[in-house]
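Here's the structure, in structure tokens; my notes come after.
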Amino acid sequence: TSYHLRQLAESGLVEDAPELGKGRERWWRSVHQGSTVESADFMTHADPEVRGAIEFLLHETATTHARDLNTWLGTSGDWPEEWQRSWDLSDFKILLTPELSLELSHKVHELVESYRGRVPEDTEGSAMVQTHLHVFPRPSE
């Protein structure tokens with residue numbers, strides 16, 4: 001396990017958490033702040049195993065997003081009133097070209113990133129906020 005955790009640390013996904021360990025125990029914490037999958041270039045990869053692995057990752061990500069949202073909906077009443085008034089569940093259908101779709105995604109990413117680091121750790125009333133963005137074409141209705 002230690003080897004794999006060190007590999008994850010080298011990739012910037014986890015970090016050592018020495019304050020959590022006791023004696024010879026070594027604890028780690030996630031530093032992952034989000035994931036981005038923007039392009040389907042890899043879906044045409046020559047190796048079918050790579051395509052299969054990517055498809056699996058995408059479906060697992062979609063399942064996780066749905067689970068996260070369902071968990072929030074099931075537990076929203078447990079949160080303070082301020083949080084119960086400050087969440088959002090929206091969808092928008094707009095006519096775009098592929099280029100404008102990509103531009104929209106990039107602008108939303110920039111907007112989300114502009115909020116990162118604005119709230120100091122342990123700020124009273126703060127919570128980690130999960131944001132999901134899904135941009136994909138649909139057949140006309």
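Chain labels run A, B, ... following the order of the structure tokens; each chain numbers its residues from 1, and ligands are numbered from 1 in the order shown.
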Exercise. Per DSSP on the backbone, what are the helix (DSSP H, G or I) residues of segment 19-59 of chain A, as JSON, numbers by chain?
Worked result: {"A": [19, 20, 41, 42, 43, 44, 48, 49, 50, 51, 52, 53, 54, 55, 56, 57, 58, 59]}
For this session: For Phe92 of chain A, list every protein, DNA or RNA residue within 12 Å, evaluated using only C-alpha atoms, and leave out those in the same chain fewer than 6 positions away; present the list as a ChimeraX atom specification.
Result: /A:133-138
For this session: Name the closest residue to Thr64 of chain A among the candidates A:Thr123, A:Gln130, A:Thr44, A:Ser140; distances are taken between atoms, counting only C-alpha atoms.
Result: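 Using only C-alpha atoms, the shortest distance to Thr64 of chain A belongs to A:Gln130.
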Problem set entry | Atomic separation - atom CA of Ala127 of chain A relative to atom CA of Asn70 of chain A, Å | 17.8 Å
